[in-house]
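Peer 1: This structure is in structure tokens; I'll ask about it shortly.
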Amino acid sequence: MSSSPSTAAPARTTVLSPPISASPDDAPVVPDAAPAEPTPRRRRRRRPTNPVRRRRAIREGILFTLLMLPNLAAILVFSYWPAIYTIVLSFMDWDLVAPMPEWAGLQNYVDLFDDPDFWTIMLNTLVFTTVTVVGSLVGGVLLGSLLATKVPFTGMVRTFAFAPHMLPGAAVGMLWLFMFDPSFGLSRFLFNLVGADSPQWTTTSDWSLAAVTVAYLWQRLGFVTVIYYTAILDLPGDVLEAASLDGAHGLTMLRHMVLPLLSPITFFLSVTGVIAAAQAFDLISILTNGGPGISSSTLSWMIYEEAFQKFDIGKASSAATVLLVLLLVLTFVQVRFGEKKVTYAS
């Protein structure tokens with residue numbers, strides 16, 4: 001019995017087709033997306049104002065105003081209003097007797113600038129201010145540096161140095177009036193040590209301005225010394241110690257390290273010194289009374305003399321206005337120059 005052969009299933013053949021490369025032209029076109037609409041910003045809900053805080057702010061504002069008003073009123077009444085009124089009077093003609101001043105225009109300034117004594121007084125003011133300011137700065141930084149080296153009796157020297165600044169100008173003038181006396185004063189004793197006679201300090205035109213300058217310089221020197229002494233003590237010790245290790249000592253340390261670090265203090269003392277010297281009056285009144293002639297007169301003394309001795313309020317006001325403008329210009333220049341020095345030093 002023969003077996004029939006089994007029928008075999010045909011084998012499946014898988015044909016792999018090559019990958020079709022997509023061309024850019026055949027790529028599906030995607031439409032441009034519409035711009036997204038900006039989401040609306042959510043408003044922050046304001047906190048309800050605390051009534052306690054609001055009442056406190058109002059109360060503090062009222063208190064600040066009440067504390068500020070007296071000072072503001074004092075500044076306006078005693079500083080700004082006199083300056084403004086003086087400028088107005090410089091265009092007026094008034095002798096303090098007439099009930100109302102009369103308009104004079106620029107005539108007061110013309111008379112002032114045509115007066116040859118005015119230019120001599122301006123030169124006296126310039127010399128007096130320059131010598132006293134520069135002399136007090138140089139002497140103050142030297143004495144302040146000496147005191148900062150912990151010399152013996154530093155506290156007592158500091159007290160004696162600062163004492164003249166606390167004295168009234170009239171008292172300083174009386175003290176130096178006796179010291180300048182050529183017959184029995186300290187000047188006679190000192191000049192006799194070198195075999196010379198004491199000059200007539202306050203009664204001759206050759207020495208009167210020098211007498212006022214020396215007395216004012218002595219009065220201000222102690223104040224500048226104490227300010228410099230305090231500032232030197234506050235200088236950074238590590239910087240000075242590093243400079244000393246590099247070989248800086250004495251005048252080299254003072255010139256290249258101490259003076260640049262003291263630039264802000266020097267700027268402050270120079271500005272206040274110029275303003276104070278330009279307004280010096282009491283020492284001149286006690287020592288020389290502006291004389292002999294106008295040899296020791298400054299612009300501040302001229303203002304007093306024109307107003308209360310010659311009763312020419314217009315000319316006195318014009319001189320006061322010139323002094324005000326000069327002080328403003330000098331202060332502006334010092335501020336600009338001082339800011340640059342402080343910036344370089346820092």
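Labeling convention for the structure tokens: chains A, B, ... as they appear, residues from 1 per chain, ligands from 1 in order of appearance.
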Quick one: everything within 7 Å of A:Ser318, counting only C-alpha atoms, minus sequence neighbours fewer than 4 positions away in the same chain. Send it as a list in words.
Peer 2: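 Contacts, with the query itself left out: Ser90, Asn108, Tyr109, Gly314 and Val322 of chain A.
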Peer 1: Export N, CA and C atoms of the chosen residues as a PDB file, in the first residue's frame?
Peer 2:
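So the final result, stored in again.pdb, reads:
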```pdb
ATOM      1  N   SER A  90      20.972 147.635  46.478  1.00  0.00           N
ATOM      2  CA  SER A  90      22.142 148.039  45.698  1.00  0.00           C
ATOM      3  C   SER A  90      21.755 148.833  44.461  1.00  0.00           C
ATOM      4  N   ASN A 108      25.149 153.026  41.557  1.00  0.00           N
ATOM      5  CA  ASN A 108      25.950 152.624  42.721  1.00  0.00           C
ATOM      6  C   ASN A 108      27.125 151.749  42.308  1.00  0.00           C
ATOM      7  N   TYR A 109      26.891 150.847  41.362  1.00  0.00           N
ATOM      8  CA  TYR A 109      27.985 149.993  40.899  1.00  0.00           C
ATOM      9  C   TYR A 109      29.002 150.792  40.097  1.00  0.00           C
ATOM     10  N   GLY A 314      23.159 152.581  49.461  1.00  0.00           N
ATOM     11  CA  GLY A 314      23.240 152.040  48.113  1.00  0.00           C
ATOM     12  C   GLY A 314      24.633 151.526  47.782  1.00  0.00           C
ATOM     13  N   VAL A 322      28.753 142.559  45.681  1.00  0.00           N
ATOM     14  CA  VAL A 322      30.003 142.115  45.059  1.00  0.00           C
ATOM     15  C   VAL A 322      30.673 141.044  45.923  1.00  0.00           C
TER      16      VAL A 322
END
```
Peer 1: Can you tell me which residues surround stretch 159-176 of chain A at a distance of at most 8 Å, considering only C-alpha atoms, apart from same-chain residues fewer than 3 positions away, and format the answer as a PyMOL selection string?
Peer 2: chain A and resi 155-156+179-180+215+218-223+225-226+282-284+286-287
Peer 1: Could those selected residues go to a file with all heavy atoms, as a compact mmCIF listing (two decimals), in the first residue's frame?
Peer 2:
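Result file again-v5.txt:
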```
# COMPACT_ATOMS: atom_id res chain seq x y z
N GLY A 155 47.36 116.25 75.31
CA GLY A 155 46.05 116.76 75.70
C GLY A 155 46.09 118.23 76.08
O GLY A 155 45.21 119.01 75.68
N MET A 156 47.13 118.63 76.83
CA MET A 156 47.24 120.02 77.23
C MET A 156 47.51 120.92 76.03
O MET A 156 46.95 122.01 75.90
CB MET A 156 48.34 120.17 78.28
CG MET A 156 48.48 121.58 78.85
SD MET A 156 49.71 121.64 80.16
CE MET A 156 51.20 121.19 79.28
N MET A 179 49.96 142.91 72.86
CA MET A 179 51.17 142.23 72.39
C MET A 179 51.90 143.04 71.32
O MET A 179 53.13 142.98 71.20
CB MET A 179 50.80 140.85 71.85
CG MET A 179 50.27 139.91 72.91
SD MET A 179 49.73 138.32 72.25
CE MET A 179 51.28 137.62 71.71
N PHE A 180 51.15 143.81 70.52
CA PHE A 180 51.76 144.62 69.48
C PHE A 180 52.25 145.98 69.99
O PHE A 180 52.85 146.73 69.21
CB PHE A 180 50.76 144.87 68.35
CG PHE A 180 50.57 143.68 67.44
CD1 PHE A 180 49.32 143.35 66.97
CD2 PHE A 180 51.66 142.91 67.04
CE1 PHE A 180 49.13 142.26 66.13
CE2 PHE A 180 51.49 141.83 66.19
CZ PHE A 180 50.22 141.50 65.74
N ALA A 215 47.03 138.27 63.85
CA ALA A 215 46.07 138.01 64.93
C ALA A 215 44.98 137.03 64.48
O ALA A 215 44.62 136.10 65.21
CB ALA A 215 45.44 139.32 65.38
N TRP A 218 46.43 133.47 64.11
CA TRP A 218 46.61 132.83 65.42
C TRP A 218 45.29 132.31 65.97
O TRP A 218 45.23 131.23 66.56
CB TRP A 218 47.22 133.85 66.39
CG TRP A 218 47.38 133.33 67.79
CD1 TRP A 218 48.38 132.53 68.27
CD2 TRP A 218 46.50 133.59 68.88
NE1 TRP A 218 48.18 132.27 69.61
CE2 TRP A 218 47.03 132.91 70.02
CE3 TRP A 218 45.33 134.33 69.05
CZ2 TRP A 218 46.43 132.96 71.27
CZ3 TRP A 218 44.73 134.37 70.29
CH2 TRP A 218 45.28 133.70 71.39
N GLN A 219 44.23 133.06 65.76
CA GLN A 219 42.92 132.63 66.26
C GLN A 219 42.41 131.39 65.54
O GLN A 219 41.82 130.50 66.15
CB GLN A 219 41.91 133.77 66.13
CG GLN A 219 40.54 133.43 66.70
CD GLN A 219 39.53 134.54 66.47
OE1 GLN A 219 39.73 135.42 65.62
NE2 GLN A 219 38.45 134.52 67.22
N ARG A 220 42.63 131.29 64.25
CA ARG A 220 42.09 130.17 63.47
C ARG A 220 43.00 128.96 63.47
O ARG A 220 42.54 127.83 63.24
CB ARG A 220 41.81 130.62 62.04
CG ARG A 220 41.17 129.52 61.18
CD ARG A 220 40.64 130.02 59.88
NE ARG A 220 40.14 128.93 59.05
CZ ARG A 220 38.95 128.37 59.18
NH1 ARG A 220 38.13 128.81 60.13
NH2 ARG A 220 38.57 127.38 58.39
N LEU A 221 44.27 129.13 63.73
CA LEU A 221 45.22 128.03 63.61
C LEU A 221 44.87 126.87 64.54
O LEU A 221 44.99 125.70 64.16
CB LEU A 221 46.64 128.53 63.90
CG LEU A 221 47.76 127.50 63.77
CD1 LEU A 221 47.81 126.93 62.36
CD2 LEU A 221 49.10 128.13 64.15
N GLY A 222 44.44 127.17 65.77
CA GLY A 222 44.11 126.10 66.71
C GLY A 222 42.95 125.25 66.23
O GLY A 222 42.97 124.00 66.36
N PHE A 223 41.93 125.88 65.67
CA PHE A 223 40.78 125.14 65.15
C PHE A 223 41.19 124.19 64.03
O PHE A 223 40.82 123.00 64.02
CB PHE A 223 39.72 126.12 64.67
CG PHE A 223 38.60 125.50 63.90
CD1 PHE A 223 37.61 124.79 64.55
CD2 PHE A 223 38.53 125.61 62.52
CE1 PHE A 223 36.57 124.19 63.84
CE2 PHE A 223 37.50 125.02 61.80
CZ PHE A 223 36.52 124.32 62.47
N THR A 225 44.17 123.00 63.46
CA THR A 225 45.06 121.97 64.01
C THR A 225 44.28 120.82 64.62
O THR A 225 44.57 119.64 64.38
CB THR A 225 45.99 122.60 65.05
OG1 THR A 225 46.80 123.61 64.44
CG2 THR A 225 46.90 121.55 65.66
N VAL A 226 43.27 121.13 65.42
CA VAL A 226 42.49 120.09 66.07
C VAL A 226 41.70 119.27 65.04
O VAL A 226 41.59 118.04 65.16
CB VAL A 226 41.54 120.72 67.11
CG1 VAL A 226 40.57 119.68 67.67
CG2 VAL A 226 42.35 121.33 68.24
N ASP A 282 35.53 141.95 63.48
CA ASP A 282 35.77 142.37 64.86
C ASP A 282 37.25 142.64 65.13
O ASP A 282 37.59 143.63 65.80
CB ASP A 282 35.24 141.31 65.83
CG ASP A 282 35.53 139.90 65.35
OD1 ASP A 282 36.33 139.74 64.40
OD2 ASP A 282 34.98 138.94 65.93
N LEU A 283 38.14 141.82 64.58
CA LEU A 283 39.57 142.05 64.79
C LEU A 283 40.01 143.36 64.15
O LEU A 283 40.81 144.11 64.73
CB LEU A 283 40.38 140.89 64.22
CG LEU A 283 40.48 139.63 65.07
CD1 LEU A 283 41.22 138.55 64.31
CD2 LEU A 283 41.17 139.93 66.38
N ILE A 284 39.51 143.65 62.97
CA ILE A 284 39.86 144.90 62.30
C ILE A 284 39.37 146.09 63.12
O ILE A 284 40.06 147.10 63.27
CB ILE A 284 39.28 144.92 60.89
CG1 ILE A 284 39.85 143.77 60.06
CG2 ILE A 284 39.55 146.25 60.19
CD1 ILE A 284 39.25 143.63 58.68
N ILE A 286 38.89 146.30 66.37
CA ILE A 286 39.63 146.48 67.63
C ILE A 286 41.06 146.93 67.37
O ILE A 286 41.58 147.83 68.04
CB ILE A 286 39.60 145.19 68.45
CG1 ILE A 286 38.17 144.84 68.86
CG2 ILE A 286 40.48 145.32 69.69
CD1 ILE A 286 37.50 145.84 69.75
N LEU A 287 41.73 146.31 66.39
CA LEU A 287 43.16 146.54 66.21
C LEU A 287 43.47 147.84 65.46
O LEU A 287 44.28 148.65 65.93
CB LEU A 287 43.78 145.35 65.46
CG LEU A 287 43.95 144.06 66.25
CD1 LEU A 287 44.44 142.94 65.34
CD2 LEU A 287 44.93 144.26 67.41
```
Peer 1: At a cut-off of 9 Å, can you tabulate as a tab-separated table every residue of stretch 243-292 of chain A near stretch 186-208 of chain A together with its closest atom pair and the distance in Å to one decimal, using only C-alpha atoms and ordering rows by chain then number?
Peer 2:
```
residue	atom	partner	partner_atom	distance
A:Leu287	CA	A:Thr202	CA	6.4
A:Thr288	CA	A:Thr202	CA	5.5
A:Gly290	CA	A:Ser208	CA	8.5
A:Gly291	CA	A:Ser205	CA	7.1
A:Pro292	CA	A:Ser205	CA	5.5
```
Peer 1: Would you compute the distance between atom CA of A:Ala98 and atom CA of A:Ile313? Give it in Å to one decimal.
Peer 2: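 Pair atom CA of A:Ala98 / atom CA of A:Ile313 returns 11.3 Å.
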Peer 1: Between A:Ala57, A:Leu326, A:Leu209, A:Met257, which has the minimum distance to A:Val274 (counting only C-alpha atoms)?
Peer 2: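 Going through A:Ala57, A:Leu326, A:Leu209, A:Met257 one by one, the smallest distance to A:Val274 is for A:Leu326.
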Peer 1: As a PyMOL selection string, please: every residue in stretch 26-251 of chain A that DSSP puts in strand (DSSP E).
Peer 2: chain A and resi 92-93+102-103
Peer 1: May I have the selected residues written with N, CA and C atoms, as a short mmCIF file (atom, residue, chain, number, x, y, z; two decimals), in the first residue's frame?
Peer 2:
```cif
data_model
loop_
_atom_site.label_atom_id
_atom_site.label_comp_id
_atom_site.auth_asym_id
_atom_site.auth_seq_id
_atom_site.Cartn_x
_atom_site.Cartn_y
_atom_site.Cartn_z
N MET A 92 19.34 151.15 44.72
CA MET A 92 18.61 152.27 45.29
C MET A 92 19.58 153.32 45.81
N ASP A 93 19.05 154.50 46.02
CA ASP A 93 19.79 155.60 46.66
C ASP A 93 19.07 155.92 47.97
N GLU A 102 15.18 155.70 46.82
CA GLU A 102 14.88 156.08 45.45
C GLU A 102 15.66 155.20 44.48
N TRP A 103 15.04 154.95 43.34
CA TRP A 103 15.67 154.11 42.33
C TRP A 103 16.87 154.81 41.72
#
```
Peer 1: Would you mind reading off the distance between atom CA of A:Ala278 and atom CA of A:Thr129, one decimal, in Å?
Peer 2: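 Taking atom CA of A:Ala278 and atom CA of A:Thr129, their separation equals 6.3 Å.
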Peer 1: From the set A:Leu330, A:Ala74, A:Leu143, A:Met100, which residue has the shortest atom-to-atom contact distance to A:Ile275, counting only C-alpha atoms?
Peer 2: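 Closest candidate: A:Leu330.
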Peer 1: Check the smallest atom-to-atom distance from each of A:Leu299, A:Val329, A:Glu306, A:Phe78 to A:Asn124 using only C-alpha atoms, then report the winner.
Peer 2: A:Leu299
Peer 1: Excluding same-chain residues fewer than 2 positions from stretch 82-86 of chain A, what lies within 9 Å of it counting only C-alpha atoms, as a list in words?
Peer 2: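 Here the answer would be Leu76, Val77, Phe78, Ser79, Tyr80, Val88, Leu89, Ser90, Gly314, Ala316, Ser317, Ser318, Ala320, Thr321 and Leu324 of chain A.
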Peer 1: Write the residues of the selection above to a file with N, CA and C atoms, as a short mmCIF file (atom, residue, chain, number, x, y, z; two decimals), in the first residue's frame.
Peer 2:
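Contents of the output file out.cif:
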```
data_model
loop_
_atom_site.label_atom_id
_atom_site.label_comp_id
_atom_site.auth_asym_id
_atom_site.auth_seq_id
_atom_site.Cartn_x
_atom_site.Cartn_y
_atom_site.Cartn_z
N LEU A 76 14.96 131.51 56.13
CA LEU A 76 14.38 132.46 55.19
C LEU A 76 14.47 133.89 55.71
N VAL A 77 14.20 134.09 57.00
CA VAL A 77 14.14 135.43 57.56
C VAL A 77 15.52 136.01 57.78
N PHE A 78 16.47 135.20 58.27
CA PHE A 78 17.78 135.72 58.67
C PHE A 78 18.88 135.48 57.65
N SER A 79 18.63 134.72 56.62
CA SER A 79 19.67 134.46 55.62
C SER A 79 19.26 134.91 54.23
N TYR A 80 18.20 134.34 53.71
CA TYR A 80 17.84 134.60 52.32
C TYR A 80 17.20 135.98 52.14
N VAL A 88 18.45 144.24 46.30
CA VAL A 88 17.49 145.26 45.87
C VAL A 88 18.00 146.65 46.24
N LEU A 89 18.53 146.81 47.45
CA LEU A 89 19.02 148.12 47.88
C LEU A 89 20.25 148.57 47.09
N SER A 90 20.97 147.64 46.48
CA SER A 90 22.14 148.04 45.70
C SER A 90 21.76 148.83 44.46
N GLY A 314 23.16 152.58 49.46
CA GLY A 314 23.24 152.04 48.11
C GLY A 314 24.63 151.53 47.78
N ALA A 316 27.01 150.78 49.96
CA ALA A 316 27.31 149.66 50.86
C ALA A 316 26.65 148.38 50.38
N SER A 317 25.43 148.47 49.91
CA SER A 317 24.72 147.29 49.41
C SER A 317 25.37 146.75 48.13
N SER A 318 25.84 147.65 47.28
CA SER A 318 26.51 147.18 46.07
C SER A 318 27.83 146.48 46.42
N ALA A 320 28.36 144.90 49.25
CA ALA A 320 27.95 143.62 49.83
C ALA A 320 27.55 142.62 48.75
N THR A 321 26.90 143.11 47.69
CA THR A 321 26.53 142.22 46.59
C THR A 321 27.76 141.70 45.87
N LEU A 324 29.17 139.01 48.00
CA LEU A 324 28.36 137.80 47.88
C LEU A 324 28.67 137.05 46.59
#
```
Peer 1: Enter the distance from atom CA of A:Thr213 to atom CA of A:Arg255, in Å, rounded to one decimal.
Peer 2: 26.8 Å
Peer 1: Point out the residue among A:Thr230, A:Gln279, A:Thr132, A:Thr272 with the least atom-to-atom distance to A:Trp301, counting only C-alpha atoms.
Peer 2: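 Between A:Thr230, A:Gln279, A:Thr132, A:Thr272, the residue approaching A:Trp301 most closely is A:Gln279.
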Peer 1: Please identify the helix (DSSP H, G or I) residues within stretch 24-250 of chain A (assignment by DSSP from backbone atoms) and present them as number ranges by chain.
Peer 2: A: 24-26, 51-89, 107-114, 116-148, 154-166, 169-179, 186-193, 208-233, 237-245, 250
